[in-house]
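Asks: I am sharing start-v7.cif, which consists of mmCIF, C-alpha atoms and all ligand atoms:
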data_query
#
loop_
_atom_site.group_PDB
_atom_site.id
_atom_site.type_symbol
_atom_site.label_atom_id
_atom_site.label_comp_id
_atom_site.auth_asym_id
_atom_site.auth_seq_id
_atom_site.Cartn_x
_atom_site.Cartn_y
_atom_site.Cartn_z
ATOM 1 C CA MET A 1 -153.010 94.898 -76.805
ATOM 2 C CA HIS A 2 -150.013 93.773 -78.889
ATOM 3 C CA ILE A 3 -146.648 94.825 -77.417
ATOM 4 C CA GLN A 4 -143.428 94.346 -79.385
ATOM 5 C CA ALA A 5 -140.027 95.119 -77.906
ATOM 6 C CA VAL A 6 -137.072 95.845 -80.160
ATOM 7 C CA THR A 7 -134.229 94.743 -77.897
ATOM 8 C CA LEU A 8 -130.883 92.964 -77.707
ATOM 9 C CA PHE A 9 -132.088 91.257 -74.509
ATOM 10 C CA GLY A 10 -135.495 89.692 -75.153
ATOM 11 C CA GLY A 11 -135.012 87.315 -72.216
ATOM 12 C CA MET A 12 -135.219 90.185 -69.736
ATOM 13 C CA PHE A 13 -138.919 90.508 -70.568
ATOM 14 C CA ASP A 14 -139.620 87.175 -68.835
ATOM 15 C CA ALA A 15 -139.942 89.373 -65.754
ATOM 16 C CA VAL A 16 -143.230 90.809 -67.091
ATOM 17 C CA THR A 17 -144.427 87.949 -69.312
ATOM 18 C CA GLY A 18 -143.832 85.199 -66.759
ATOM 19 C CA HIS A 19 -144.810 86.689 -63.417
ATOM 20 C CA GLY A 20 -147.722 88.135 -61.498
ATOM 21 C CA VAL A 21 -150.839 89.748 -62.882
ATOM 22 C CA THR A 22 -149.183 90.648 -66.208
ATOM 23 C CA GLY A 23 -148.061 87.024 -66.713
ATOM 24 C CA ARG A 24 -151.552 85.703 -65.975
ATOM 25 C CA ALA A 25 -153.147 88.243 -68.316
ATOM 26 C CA LEU A 26 -150.752 87.199 -71.113
ATOM 27 C CA ARG A 27 -151.764 83.551 -70.650
ATOM 28 C CA ASP A 28 -155.420 84.659 -70.609
ATOM 29 C CA GLY A 29 -154.972 86.390 -73.991
ATOM 30 C CA VAL A 30 -155.546 89.944 -72.701
ATOM 31 C CA TRP A 31 -152.297 90.989 -74.406
ATOM 32 C CA ARG A 32 -149.630 89.573 -76.747
ATOM 33 C CA PHE A 33 -145.868 89.988 -76.639
ATOM 34 C CA ASP A 34 -143.015 89.570 -79.125
ATOM 35 C CA SER A 35 -139.414 90.624 -78.898
ATOM 36 C CA ILE A 36 -137.436 91.439 -82.027
ATOM 37 C CA ASN A 37 -133.628 91.353 -81.860
ATOM 38 C CA PRO A 38 -132.051 93.923 -84.204
ATOM 39 C CA ARG A 39 -128.967 91.674 -84.322
ATOM 40 C CA GLN A 40 -130.815 89.497 -86.841
ATOM 41 C CA PHE A 41 -130.560 92.452 -89.251
ATOM 42 C CA ALA A 42 -126.822 93.087 -88.772
ATOM 43 C CA ASP A 43 -124.831 93.543 -91.974
ATOM 44 C CA ASN A 44 -121.875 91.544 -90.622
ATOM 45 C CA PRO A 45 -121.494 87.855 -89.668
ATOM 46 C CA LEU A 46 -120.681 88.630 -86.015
ATOM 47 C CA GLY A 47 -123.971 90.483 -85.527
ATOM 48 C CA TYR A 48 -122.568 93.862 -84.500
ATOM 49 C CA ILE A 49 -125.258 96.524 -84.560
ATOM 50 C CA ASP A 50 -123.271 99.283 -82.805
ATOM 51 C CA ASP A 51 -120.481 101.525 -84.026
ATOM 52 C CA ARG A 52 -118.314 104.430 -82.851
ATOM 53 C CA PRO A 53 -119.878 107.910 -82.655
ATOM 54 C CA PHE A 54 -119.088 110.425 -85.399
ATOM 55 C CA GLY A 55 -117.314 113.332 -83.745
ATOM 56 C CA GLY A 56 -115.587 111.081 -81.258
ATOM 57 C CA GLY A 57 -116.230 110.422 -77.617
ATOM 58 C CA PRO A 58 -116.751 107.436 -75.378
ATOM 59 C CA GLY A 59 -119.181 104.589 -75.925
ATOM 60 C CA MET A 60 -120.960 103.154 -78.910
ATOM 61 C CA ILE A 61 -124.120 104.103 -80.835
ATOM 62 C CA MET A 62 -126.765 101.687 -82.132
ATOM 63 C CA MET A 63 -126.738 101.817 -85.941
ATOM 64 C CA ALA A 64 -129.823 103.011 -87.841
ATOM 65 C CA PRO A 65 -130.222 100.287 -90.535
ATOM 66 C CA PRO A 66 -130.662 97.202 -88.283
ATOM 67 C CA LEU A 67 -132.926 99.197 -85.911
ATOM 68 C CA GLN A 68 -135.038 100.400 -88.837
ATOM 69 C CA ALA A 69 -135.385 96.846 -90.169
ATOM 70 C CA ALA A 70 -136.535 95.686 -86.719
ATOM 71 C CA LEU A 71 -139.022 98.579 -86.403
ATOM 72 C CA ASP A 72 -140.345 97.879 -89.917
ATOM 73 C CA LEU A 73 -140.922 94.214 -89.017
ATOM 74 C CA ALA A 74 -142.762 95.250 -85.852
ATOM 75 C CA ARG A 75 -144.856 97.797 -87.750
ATOM 76 C CA SER A 76 -145.755 95.192 -90.406
ATOM 77 C CA GLN A 77 -147.174 92.988 -87.627
ATOM 78 C CA CYS A 78 -149.156 95.809 -85.999
ATOM 79 C CA PRO A 79 -149.537 98.809 -88.368
ATOM 80 C CA ALA A 80 -151.569 100.871 -85.853
ATOM 81 C CA ALA A 81 -149.072 100.501 -82.996
ATOM 82 C CA GLN A 82 -147.634 103.533 -81.203
ATOM 83 C CA MET A 83 -143.821 103.572 -81.393
ATOM 84 C CA ILE A 84 -141.942 104.494 -78.226
ATOM 85 C CA TYR A 85 -138.237 105.001 -77.634
ATOM 86 C CA LEU A 86 -137.311 104.578 -73.971
ATOM 87 C CA SER A 87 -134.705 107.282 -73.480
ATOM 88 C CA PRO A 88 -133.224 109.408 -70.683
ATOM 89 C CA GLN A 89 -134.146 112.431 -72.864
ATOM 90 C CA GLY A 90 -137.841 111.471 -73.021
ATOM 91 C CA GLU A 91 -140.933 112.988 -71.439
ATOM 92 C CA PRO A 92 -141.557 111.657 -67.920
ATOM 93 C CA LEU A 93 -143.668 108.530 -67.574
ATOM 94 C CA THR A 94 -146.712 109.434 -65.470
ATOM 95 C CA HIS A 95 -149.942 107.691 -64.565
ATOM 96 C CA ARG A 96 -151.701 110.057 -66.981
ATOM 97 C CA LEU A 97 -149.403 108.963 -69.838
ATOM 98 C CA ALA A 98 -149.899 105.280 -68.925
ATOM 99 C CA GLU A 99 -153.671 105.833 -69.135
ATOM 100 C CA ALA A 100 -153.315 107.380 -72.584
ATOM 101 C CA LEU A 101 -151.126 104.496 -73.798
ATOM 102 C CA ALA A 102 -153.622 101.943 -72.420
ATOM 103 C CA GLY A 103 -155.972 103.154 -75.170
ATOM 104 C CA GLU A 104 -153.588 102.062 -77.940
ATOM 105 C CA SER A 105 -154.092 98.761 -79.790
ATOM 106 C CA GLY A 106 -150.336 98.149 -79.925
ATOM 107 C CA LEU A 107 -147.003 99.456 -78.654
ATOM 108 C CA ILE A 108 -143.567 99.085 -80.254
ATOM 109 C CA LEU A 109 -140.952 99.661 -77.563
ATOM 110 C CA LEU A 110 -137.458 100.505 -78.814
ATOM 111 C CA CYS A 111 -134.912 99.697 -76.099
ATOM 112 C CA GLY A 112 -131.523 101.348 -76.399
ATOM 113 C CA ARG A 113 -128.199 100.042 -75.108
ATOM 114 C CA TYR A 114 -124.757 101.672 -75.139
ATOM 115 C CA GLU A 115 -124.995 105.484 -75.500
ATOM 116 C CA GLY A 116 -128.257 105.335 -77.452
ATOM 117 C CA VAL A 117 -129.520 105.128 -81.029
ATOM 118 C CA ASP A 118 -128.549 107.035 -84.187
ATOM 119 C CA GLU A 119 -130.682 110.220 -84.100
ATOM 120 C CA ARG A 120 -131.943 109.615 -87.653
ATOM 121 C CA VAL A 121 -134.009 106.631 -86.427
ATOM 122 C CA LEU A 122 -135.956 109.079 -84.251
ATOM 123 C CA GLN A 123 -136.340 111.558 -87.114
ATOM 124 C CA HIS A 124 -137.501 108.938 -89.629
ATOM 125 C CA ASN A 125 -140.184 107.292 -87.468
ATOM 126 C CA PRO A 126 -143.263 108.705 -85.726
ATOM 127 C CA ILE A 127 -141.923 107.882 -82.279
ATOM 128 C CA ARG A 128 -142.593 109.097 -78.741
ATOM 129 C CA GLU A 129 -139.601 109.430 -76.395
ATOM 130 C CA ILE A 130 -140.332 108.438 -72.793
ATOM 131 C CA ALA A 131 -138.134 108.397 -69.647
ATOM 132 C CA VAL A 132 -138.914 106.725 -66.324
ATOM 133 C CA GLY A 133 -137.214 109.184 -63.971
ATOM 134 C CA ASP A 134 -134.221 111.404 -63.335
ATOM 135 C CA PHE A 135 -131.747 108.599 -62.724
ATOM 136 C CA VAL A 136 -129.497 106.560 -65.010
ATOM 137 C CA VAL A 137 -130.029 102.896 -65.824
ATOM 138 C CA SER A 138 -128.032 100.782 -68.268
ATOM 139 C CA GLY A 139 -130.561 100.390 -71.052
ATOM 140 C CA GLY A 140 -134.167 100.750 -72.143
ATOM 141 C CA GLU A 141 -135.379 97.278 -71.164
ATOM 142 C CA LEU A 142 -136.188 97.915 -67.488
ATOM 143 C CA PRO A 143 -137.870 101.252 -68.343
ATOM 144 C CA ALA A 144 -139.869 99.449 -71.080
ATOM 145 C CA MET A 145 -141.023 96.858 -68.555
ATOM 146 C CA MET A 146 -142.021 99.569 -66.085
ATOM 147 C CA LEU A 147 -144.071 101.195 -68.820
ATOM 148 C CA MET A 148 -145.616 97.858 -69.807
ATOM 149 C CA ASP A 149 -146.580 97.037 -66.229
ATOM 150 C CA ALA A 150 -148.046 100.504 -65.645
ATOM 151 C CA VAL A 151 -150.099 100.269 -68.870
ATOM 152 C CA LEU A 152 -151.150 96.613 -68.664
ATOM 153 C CA ARG A 153 -152.611 96.858 -65.163
ATOM 154 C CA LEU A 154 -155.058 99.426 -66.553
ATOM 155 C CA LEU A 155 -156.456 96.960 -69.123
ATOM 156 C CA PRO A 156 -159.713 95.205 -68.242
ATOM 157 C CA GLY A 157 -158.988 91.645 -67.096
ATOM 158 C CA VAL A 158 -155.460 92.279 -65.751
ATOM 159 C CA LEU A 159 -156.247 93.150 -62.132
ATOM 160 C CA GLY A 160 -158.553 90.739 -60.328
ATOM 161 C CA ASP A 161 -160.269 93.424 -58.310
ATOM 162 C CA ALA A 162 -161.749 96.133 -60.518
ATOM 163 C CA ARG A 163 -161.425 98.662 -57.691
ATOM 164 C CA SER A 164 -157.654 98.263 -57.325
ATOM 165 C CA ALA A 165 -156.604 100.274 -60.401
ATOM 166 C CA ALA A 166 -159.102 103.060 -59.712
ATOM 167 C CA GLU A 167 -158.089 103.404 -56.060
ATOM 168 C CA ASP A 168 -154.362 103.493 -56.840
ATOM 169 C CA SER A 169 -152.152 106.215 -55.511
ATOM 170 C CA PHE A 170 -151.669 108.749 -58.342
ATOM 171 C CA ALA A 171 -154.979 107.673 -59.891
ATOM 172 C CA HIS A 172 -156.492 110.166 -57.438
ATOM 173 C CA GLY A 173 -153.338 112.287 -57.267
ATOM 174 C CA LEU A 174 -152.439 111.646 -53.619
ATOM 175 C CA LEU A 175 -149.984 109.276 -51.946
ATOM 176 C CA ASP A 176 -151.536 106.244 -50.299
ATOM 177 C CA CYS A 177 -152.499 106.055 -46.614
ATOM 178 C CA PRO A 178 -150.806 103.543 -44.243
ATOM 179 C CA HIS A 179 -152.137 99.990 -44.183
ATOM 180 C CA TYR A 180 -152.350 97.425 -41.371
ATOM 181 C CA THR A 181 -153.284 93.772 -40.984
ATOM 182 C CA ARG A 182 -153.015 91.176 -38.210
ATOM 183 C CA PRO A 183 -151.609 91.006 -35.613
ATOM 184 C CA VAL A 184 -153.222 93.899 -33.734
ATOM 185 C CA GLU A 185 -149.941 94.472 -31.877
ATOM 186 C CA PHE A 186 -146.400 94.257 -33.320
ATOM 187 C CA GLN A 187 -143.211 95.397 -31.516
ATOM 188 C CA ASN A 188 -145.338 97.278 -29.004
ATOM 189 C CA MET A 189 -147.142 99.150 -31.821
ATOM 190 C CA ALA A 190 -150.923 98.857 -32.010
ATOM 191 C CA VAL A 191 -153.080 99.230 -35.106
ATOM 192 C CA PRO A 192 -154.739 102.689 -35.013
ATOM 193 C CA ALA A 193 -157.978 102.243 -33.080
ATOM 194 C CA VAL A 194 -160.100 104.018 -35.689
ATOM 195 C CA LEU A 195 -159.406 101.212 -38.203
ATOM 196 C CA ARG A 196 -160.951 98.703 -35.765
ATOM 197 C CA SER A 197 -163.894 100.935 -34.829
ATOM 198 C CA GLY A 198 -166.207 99.689 -37.562
ATOM 199 C CA ASN A 199 -167.171 103.322 -38.298
ATOM 200 C CA HIS A 200 -166.652 103.485 -42.048
ATOM 201 C CA GLY A 201 -167.247 107.218 -42.279
ATOM 202 C CA LEU A 202 -164.531 107.870 -39.681
ATOM 203 C CA ILE A 203 -162.207 105.339 -41.333
ATOM 204 C CA ALA A 204 -162.543 107.004 -44.750
ATOM 205 C CA ARG A 205 -161.899 110.408 -43.167
ATOM 206 C CA TRP A 206 -158.782 109.096 -41.306
ATOM 207 C CA ARG A 207 -157.395 107.509 -44.481
ATOM 208 C CA LEU A 208 -157.916 110.645 -46.547
ATOM 209 C CA LYS A 209 -156.276 112.765 -43.846
ATOM 210 C CA GLN A 210 -153.272 110.412 -43.686
ATOM 211 C CA ALA A 211 -152.980 110.513 -47.489
ATOM 212 C CA LEU A 212 -153.055 114.322 -47.457
ATOM 213 C CA GLN A 213 -150.540 114.476 -44.581
ATOM 214 C CA ARG A 214 -148.065 112.203 -46.361
ATOM 215 C CA THR A 215 -148.479 113.965 -49.667
ATOM 216 C CA LEU A 216 -147.867 117.336 -48.009
ATOM 217 C CA ALA A 217 -144.734 116.009 -46.257
ATOM 218 C CA ARG A 218 -143.203 113.957 -49.059
ATOM 219 C CA ARG A 219 -144.550 115.272 -52.379
ATOM 220 C CA PRO A 220 -145.970 118.788 -51.804
ATOM 221 C CA GLU A 221 -145.804 119.488 -55.551
ATOM 222 C CA LEU A 222 -148.587 116.930 -56.080
ATOM 223 C CA LEU A 223 -150.936 119.076 -53.975
ATOM 224 C CA ALA A 224 -149.917 122.345 -55.615
ATOM 225 C CA ASP A 225 -151.961 122.133 -58.834
ATOM 226 C CA ARG A 226 -154.667 119.810 -57.575
ATOM 227 C CA ILE A 227 -158.270 120.894 -57.154
ATOM 228 C CA LEU A 228 -159.269 119.964 -53.589
ATOM 229 C CA THR A 229 -162.708 118.725 -52.610
ATOM 230 C CA PRO A 230 -164.293 120.648 -49.712
ATOM 231 C CA GLN A 231 -163.487 117.709 -47.366
ATOM 232 C CA GLU A 232 -159.853 117.641 -48.525
ATOM 233 C CA ALA A 233 -159.551 121.402 -48.040
ATOM 234 C CA SER A 234 -160.880 121.247 -44.475
ATOM 235 C CA LEU A 235 -158.685 118.240 -43.599
ATOM 236 C CA LEU A 236 -155.662 120.057 -44.996
ATOM 237 C CA GLN A 237 -156.519 123.085 -42.824
ATOM 238 C CA GLU A 238 -156.750 120.749 -39.824
ATOM 239 C CA ILE A 239 -153.302 119.304 -40.707
ATOM 240 C CA ARG A 240 -151.736 122.758 -40.965
ATOM 241 C CA GLN A 241 -153.234 123.772 -37.599
ATOM 242 C CA GLU A 242 -151.817 120.625 -35.964
ATOM 243 C CA GLU A 243 -148.440 121.380 -37.581
ATOM 244 C CA ARG A 244 -148.407 124.767 -35.874
ATOM 245 C CA ALA A 245 -149.575 123.278 -32.573
ATOM 246 C CA ILE A 246 -146.803 120.690 -32.222
ATOM 247 C CA PRO A 247 -143.822 123.049 -31.538
ATOM 248 C CA LEU A 248 -145.859 124.780 -28.810
ATOM 249 C CA GLU A 249 -146.625 121.429 -27.139
ATOM 250 C CA GLN A 250 -142.930 120.568 -27.112
ATOM 251 C CA GLU A 251 -141.869 123.771 -25.330
HETATM 252 C C1 LIG D 1 -123.589 110.320 -70.879
HETATM 253 C C2 LIG D 1 -125.009 110.618 -70.966
HETATM 254 N N1 LIG D 1 -125.931 109.533 -70.580
HETATM 255 C C3 LIG D 1 -127.288 109.991 -70.943
HETATM 256 C C4 LIG D 1 -128.029 110.522 -69.758
HETATM 257 C C5 LIG D 1 -125.596 108.266 -71.236
HETATM 258 C C6 LIG D 1 -126.639 107.229 -71.131
HETATM 259 C C7 LIG D 1 -127.038 106.731 -69.905
HETATM 260 C C8 LIG D 1 -127.968 105.711 -69.828
HETATM 261 C C9 LIG D 1 -127.198 106.727 -72.275
HETATM 262 C C10 LIG D 1 -128.131 105.697 -72.198
HETATM 263 C C11 LIG D 1 -128.504 105.197 -70.978
HETATM 264 C C12 LIG D 1 -129.470 104.086 -70.894
HETATM 265 N N2 LIG D 1 -130.758 104.538 -70.334
HETATM 266 C C13 LIG D 1 -131.908 104.293 -70.944
HETATM 267 O O1 LIG D 1 -131.911 103.681 -71.992
HETATM 268 C C14 LIG D 1 -133.142 104.819 -70.395
HETATM 269 C C15 LIG D 1 -133.426 105.579 -69.226
HETATM 270 C C16 LIG D 1 -132.588 106.058 -68.161
HETATM 271 O O2 LIG D 1 -131.367 105.830 -68.087
HETATM 272 N N3 LIG D 1 -133.173 106.806 -67.194
HETATM 273 C C17 LIG D 1 -134.501 107.098 -67.171
HETATM 274 N N4 LIG D 1 -135.319 106.671 -68.114
HETATM 275 C C18 LIG D 1 -134.766 105.913 -69.119
HETATM 276 S S1 LIG D 1 -135.634 105.306 -70.408
HETATM 277 C C19 LIG D 1 -134.304 104.610 -71.109
#
Can you present the structure in this file as structure tokens?
Ligand code: 9D3
Replies:
Amino acid sequence: MHIQAVTLFGGMFDAVTGHGVTGRALRDGVWRFDSINPRQFADNPLGYIDDRPFGGGPGMIMMAPPLQAALDLARSQCPAAQMIYLSPQGEPLTHRLAEALAGESGLILLCGRYEGVDERVLQHNPIREIAVGDFVVSGGELPAMMLMDAVLRLLPGVLGDARSAAEDSFAHGLLDCPHYTRPVEFQNMAVPAVLRSGNHGLIARWRLKQALQRTLARRPELLADRILTPQEASLLQEIRQEERAIPLEQE
């Protein structure tokens, strides 16, 4: 996969290109990366690529011509690439969307700074607008890197263990169960006995129940439109019964 970022801050991408599984996969040739600085296409010697908004108001807007030149350069290097504008107004980034993007041969990631980009850039290009959550960050670079990481780890050869991506939380639509390693006791807390029982059927059942319990408590909306397996349905019933039992025990 060829990823090109149109950004004023190409150096920020060292975080993804130089570290961890994504860094290793880049060195292994699983993916390629280039950053393109729209400043190189500024029409003035000082390299300004932002200007004041028509209609007034605070902040600056990234100008269309230098952004278009940068996008055209990126497109010329990977004509089939999907263009993406990281924007607070975009559709939410989900695991499902990351899976879809992992099927692309290239991505061109437009990273905004200031108040955003001239709307005509978005009208002129076939471009998907994507947001990373309902919170405000200072520019598109960190969201772009989150998207890159989420997509890249789905490519064959990025994760060492082939099971890891498939077993991820959200891949199966539930939050993850708790995990434990040595020592067996920490701060007077023991590892749940079932995990040391060696009974793999019981362990799988305990983990699924924990995952369901946490999802119900923290992200009930994830359970709402999910088709439950018979085992999940019966575990969920068990959880709800225990929920009702607790207040009685406390009286
Ligand atoms: C005053 C209105 N703000 C829009 C919500 C201004 C504004 C805030 C932050 C304009 C641009 C930005 C920079 N943010 C991003 O580029 C961004 C982002 C985000 O802030 N939240 C979630 N996802 C994303 S993707 C890109």
Asks: What residues of the protein or nucleic acid chains come within 10 Å of ligand LIG 1 (chain D) when you use all atoms listed in the file? Reply as an mmCIF file with C-alpha atoms, in the frame of the given file.
Replies:
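Result file part.cif:
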data_model
loop_
_atom_site.group_PDB
_atom_site.id
_atom_site.type_symbol
_atom_site.label_atom_id
_atom_site.label_comp_id
_atom_site.auth_asym_id
_atom_site.auth_seq_id
_atom_site.Cartn_x
_atom_site.Cartn_y
_atom_site.Cartn_z
ATOM 1 C CA GLY A 57 -116.230 110.422 -77.617
ATOM 2 C CA PRO A 58 -116.751 107.436 -75.378
ATOM 3 C CA GLY A 59 -119.181 104.589 -75.925
ATOM 4 C CA MET A 60 -120.960 103.154 -78.910
ATOM 5 C CA ILE A 61 -124.120 104.103 -80.835
ATOM 6 C CA TYR A 85 -138.237 105.001 -77.634
ATOM 7 C CA LEU A 86 -137.311 104.578 -73.971
ATOM 8 C CA SER A 87 -134.705 107.282 -73.480
ATOM 9 C CA PRO A 88 -133.224 109.408 -70.683
ATOM 10 C CA GLN A 89 -134.146 112.431 -72.864
ATOM 11 C CA GLY A 90 -137.841 111.471 -73.021
ATOM 12 C CA GLU A 91 -140.933 112.988 -71.439
ATOM 13 C CA PRO A 92 -141.557 111.657 -67.920
ATOM 14 C CA LEU A 93 -143.668 108.530 -67.574
ATOM 15 C CA LEU A 110 -137.458 100.505 -78.814
ATOM 16 C CA CYS A 111 -134.912 99.697 -76.099
ATOM 17 C CA GLY A 112 -131.523 101.348 -76.399
ATOM 18 C CA ARG A 113 -128.199 100.042 -75.108
ATOM 19 C CA TYR A 114 -124.757 101.672 -75.139
ATOM 20 C CA GLU A 115 -124.995 105.484 -75.500
ATOM 21 C CA GLY A 116 -128.257 105.335 -77.452
ATOM 22 C CA VAL A 117 -129.520 105.128 -81.029
ATOM 23 C CA GLU A 129 -139.601 109.430 -76.395
ATOM 24 C CA ILE A 130 -140.332 108.438 -72.793
ATOM 25 C CA ALA A 131 -138.134 108.397 -69.647
ATOM 26 C CA VAL A 132 -138.914 106.725 -66.324
ATOM 27 C CA GLY A 133 -137.214 109.184 -63.971
ATOM 28 C CA ASP A 134 -134.221 111.404 -63.335
ATOM 29 C CA PHE A 135 -131.747 108.599 -62.724
ATOM 30 C CA VAL A 136 -129.497 106.560 -65.010
ATOM 31 C CA VAL A 137 -130.029 102.896 -65.824
ATOM 32 C CA SER A 138 -128.032 100.782 -68.268
ATOM 33 C CA GLY A 139 -130.561 100.390 -71.052
ATOM 34 C CA GLY A 140 -134.167 100.750 -72.143
ATOM 35 C CA GLU A 141 -135.379 97.278 -71.164
ATOM 36 C CA LEU A 142 -136.188 97.915 -67.488
ATOM 37 C CA PRO A 143 -137.870 101.252 -68.343
ATOM 38 C CA ALA A 144 -139.869 99.449 -71.080
ATOM 39 C CA MET A 146 -142.021 99.569 -66.085
ATOM 40 C CA LEU A 147 -144.071 101.195 -68.820
#
Asks: Apply the PyMOL selection byres (((chain A and resi 157) around 10) and not hetatm) to the structure shown and report the selected residues as JSON, numbers by chain.
Replies: {"A": [21, 22, 24, 25, 28, 29, 30, 31, 152, 153, 154, 155, 156, 158, 159, 160, 161, 162]}
Asks: Kindly indicate which residue among A:Ser197, A:Ala217, A:Asp149, A:Glu99 lies nearest to A:Phe170, using all atoms listed in the file for the distances.
Replies: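 Smallest separation from A:Phe170 among the options: A:Glu99.
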Asks: Kindly provide, as a short mmCIF file (atom, residue, chain, number, x, y, z; two decimals) with C-alpha atoms, in the coordinates of the input, the polymer residues lying within 9 Å of (-147.2, 109.8, -62.0), counting all atoms listed in the file and using the coordinates exactly as they appear in the file.
Replies:
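part.cif, freshly written:
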data_model
loop_
_atom_site.label_atom_id
_atom_site.label_comp_id
_atom_site.auth_asym_id
_atom_site.auth_seq_id
_atom_site.Cartn_x
_atom_site.Cartn_y
_atom_site.Cartn_z
CA PRO A 92 -141.56 111.66 -67.92
CA LEU A 93 -143.67 108.53 -67.57
CA THR A 94 -146.71 109.43 -65.47
CA HIS A 95 -149.94 107.69 -64.56
CA ARG A 96 -151.70 110.06 -66.98
CA LEU A 97 -149.40 108.96 -69.84
CA ALA A 98 -149.90 105.28 -68.92
CA SER A 169 -152.15 106.22 -55.51
CA PHE A 170 -151.67 108.75 -58.34
CA ALA A 171 -154.98 107.67 -59.89
CA GLY A 173 -153.34 112.29 -57.27
#
Asks: Go ahead and compute the interatomic distance for atom CA of A:Arg120 and atom CA of A:Ala70, in Å to one decimal.
Replies: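 Distance reported for this atom pair: 14.7 Å.
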Asks: Interatomic distance between atom CA of A:Ile227 and atom CA of A:Leu174?
Replies: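 We find that atom CA of A:Ile227 and atom CA of A:Leu174 lie 11.5 Å from each other.
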Asks: Between atom CA of A:Cys177 and atom CA of A:Glu243, measure the distance and give it in Å to one decimal.
Replies: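 Going from atom CA of A:Cys177 over to atom CA of A:Glu243 covers 18.2 Å.
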Asks: Once 6 Å is added on each side, what centre and edge lengths in Å to one decimal does the axis-aligned box around all listed atoms of stretch 172-186 of chain A have, as lines of an AutoDock Vina configuration file?
Replies:
center_x = -151.4
center_y = 101.6
center_z = -44.7
size_x = 22.1
size_y = 33.3
size_z = 37.6
Asks: Given the file above and the PyMOL selection byres (((chain A and resi 209) around 8) and not hetatm), which residues are selected, and can you give them as a PyMOL selection string?
Replies: chain A and resi 205-208+210-213+232+235-236+239
Asks: Can those selected residues be exported to a file as a CSV table (one decimal), in the frame of the given file so that it contains C-alpha atoms?
Replies:
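Listing of part-v6.csv after writing:
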chain,number,residue,atom,x,y,z
A,205,ARG,CA,-161.9,110.4,-43.2
A,206,TRP,CA,-158.8,109.1,-41.3
A,207,ARG,CA,-157.4,107.5,-44.5
A,208,LEU,CA,-157.9,110.6,-46.5
A,210,GLN,CA,-153.3,110.4,-43.7
A,211,ALA,CA,-153.0,110.5,-47.5
A,212,LEU,CA,-153.1,114.3,-47.5
A,213,GLN,CA,-150.5,114.5,-44.6
A,232,GLU,CA,-159.9,117.6,-48.5
A,235,LEU,CA,-158.7,118.2,-43.6
A,236,LEU,CA,-155.7,120.1,-45.0
A,239,ILE,CA,-153.3,119.3,-40.7
Asks: Apply the PyMOL selection byres (((chain A and resi 195) around 12) and not hetatm) to the displayed file and report the matching residues as a PDB file with C-alpha atoms, in the frame of the given file.
Replies:
ATOM      1  CA  CYS A 177    -152.499 106.055 -46.614  1.00  0.00           C
ATOM      2  CA  PRO A 178    -150.806 103.543 -44.243  1.00  0.00           C
ATOM      3  CA  HIS A 179    -152.137  99.990 -44.183  1.00  0.00           C
ATOM      4  CA  TYR A 180    -152.350  97.425 -41.371  1.00  0.00           C
ATOM      5  CA  THR A 181    -153.284  93.772 -40.984  1.00  0.00           C
ATOM      6  CA  ARG A 182    -153.015  91.176 -38.210  1.00  0.00           C
ATOM      7  CA  VAL A 184    -153.222  93.899 -33.734  1.00  0.00           C
ATOM      8  CA  ALA A 190    -150.923  98.857 -32.010  1.00  0.00           C
ATOM      9  CA  VAL A 191    -153.080  99.230 -35.106  1.00  0.00           C
ATOM     10  CA  PRO A 192    -154.739 102.689 -35.013  1.00  0.00           C
ATOM     11  CA  ALA A 193    -157.978 102.243 -33.080  1.00  0.00           C
ATOM     12  CA  VAL A 194    -160.100 104.018 -35.689  1.00  0.00           C
ATOM     13  CA  ARG A 196    -160.951  98.703 -35.765  1.00  0.00           C
ATOM     14  CA  SER A 197    -163.894 100.935 -34.829  1.00  0.00           C
ATOM     15  CA  GLY A 198    -166.207  99.689 -37.562  1.00  0.00           C
ATOM     16  CA  ASN A 199    -167.171 103.322 -38.298  1.00  0.00           C
ATOM     17  CA  HIS A 200    -166.652 103.485 -42.048  1.00  0.00           C
ATOM     18  CA  GLY A 201    -167.247 107.218 -42.279  1.00  0.00           C
ATOM     19  CA  LEU A 202    -164.531 107.870 -39.681  1.00  0.00           C
ATOM     20  CA  ILE A 203    -162.207 105.339 -41.333  1.00  0.00           C
ATOM     21  CA  ALA A 204    -162.543 107.004 -44.750  1.00  0.00           C
ATOM     22  CA  ARG A 205    -161.899 110.408 -43.167  1.00  0.00           C
ATOM     23  CA  TRP A 206    -158.782 109.096 -41.306  1.00  0.00           C
ATOM     24  CA  ARG A 207    -157.395 107.509 -44.481  1.00  0.00           C
TER      25      ARG A 207
END
Asks: Point out the residue among A:Tyr48, A:Leu71, A:Pro65, A:Met1 with the least atom-to-atom distance to A:Leu101, counting all atoms listed in the file.
Replies: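 Result for the nearest residue to A:Leu101: A:Met1.
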Asks: Please list as a ChimeraX atom specification every residue within 10 Å of A:Pro79, counting all atoms listed in the file and excluding residues in the same chain fewer than 6 positions away.
Replies: /A:72-73,105-106
Asks: Hey, can you spit out that residue selection with C-alpha atoms as a PDB file, keeping the file's coordinate frame?
Replies:
ATOM      1  CA  ASP A  72    -140.345  97.879 -89.917  1.00  0.00           C
ATOM      2  CA  LEU A  73    -140.922  94.214 -89.017  1.00  0.00           C
ATOM      3  CA  SER A 105    -154.092  98.761 -79.790  1.00  0.00           C
ATOM      4  CA  GLY A 106    -150.336  98.149 -79.925  1.00  0.00           C
TER       5      GLY A 106
END
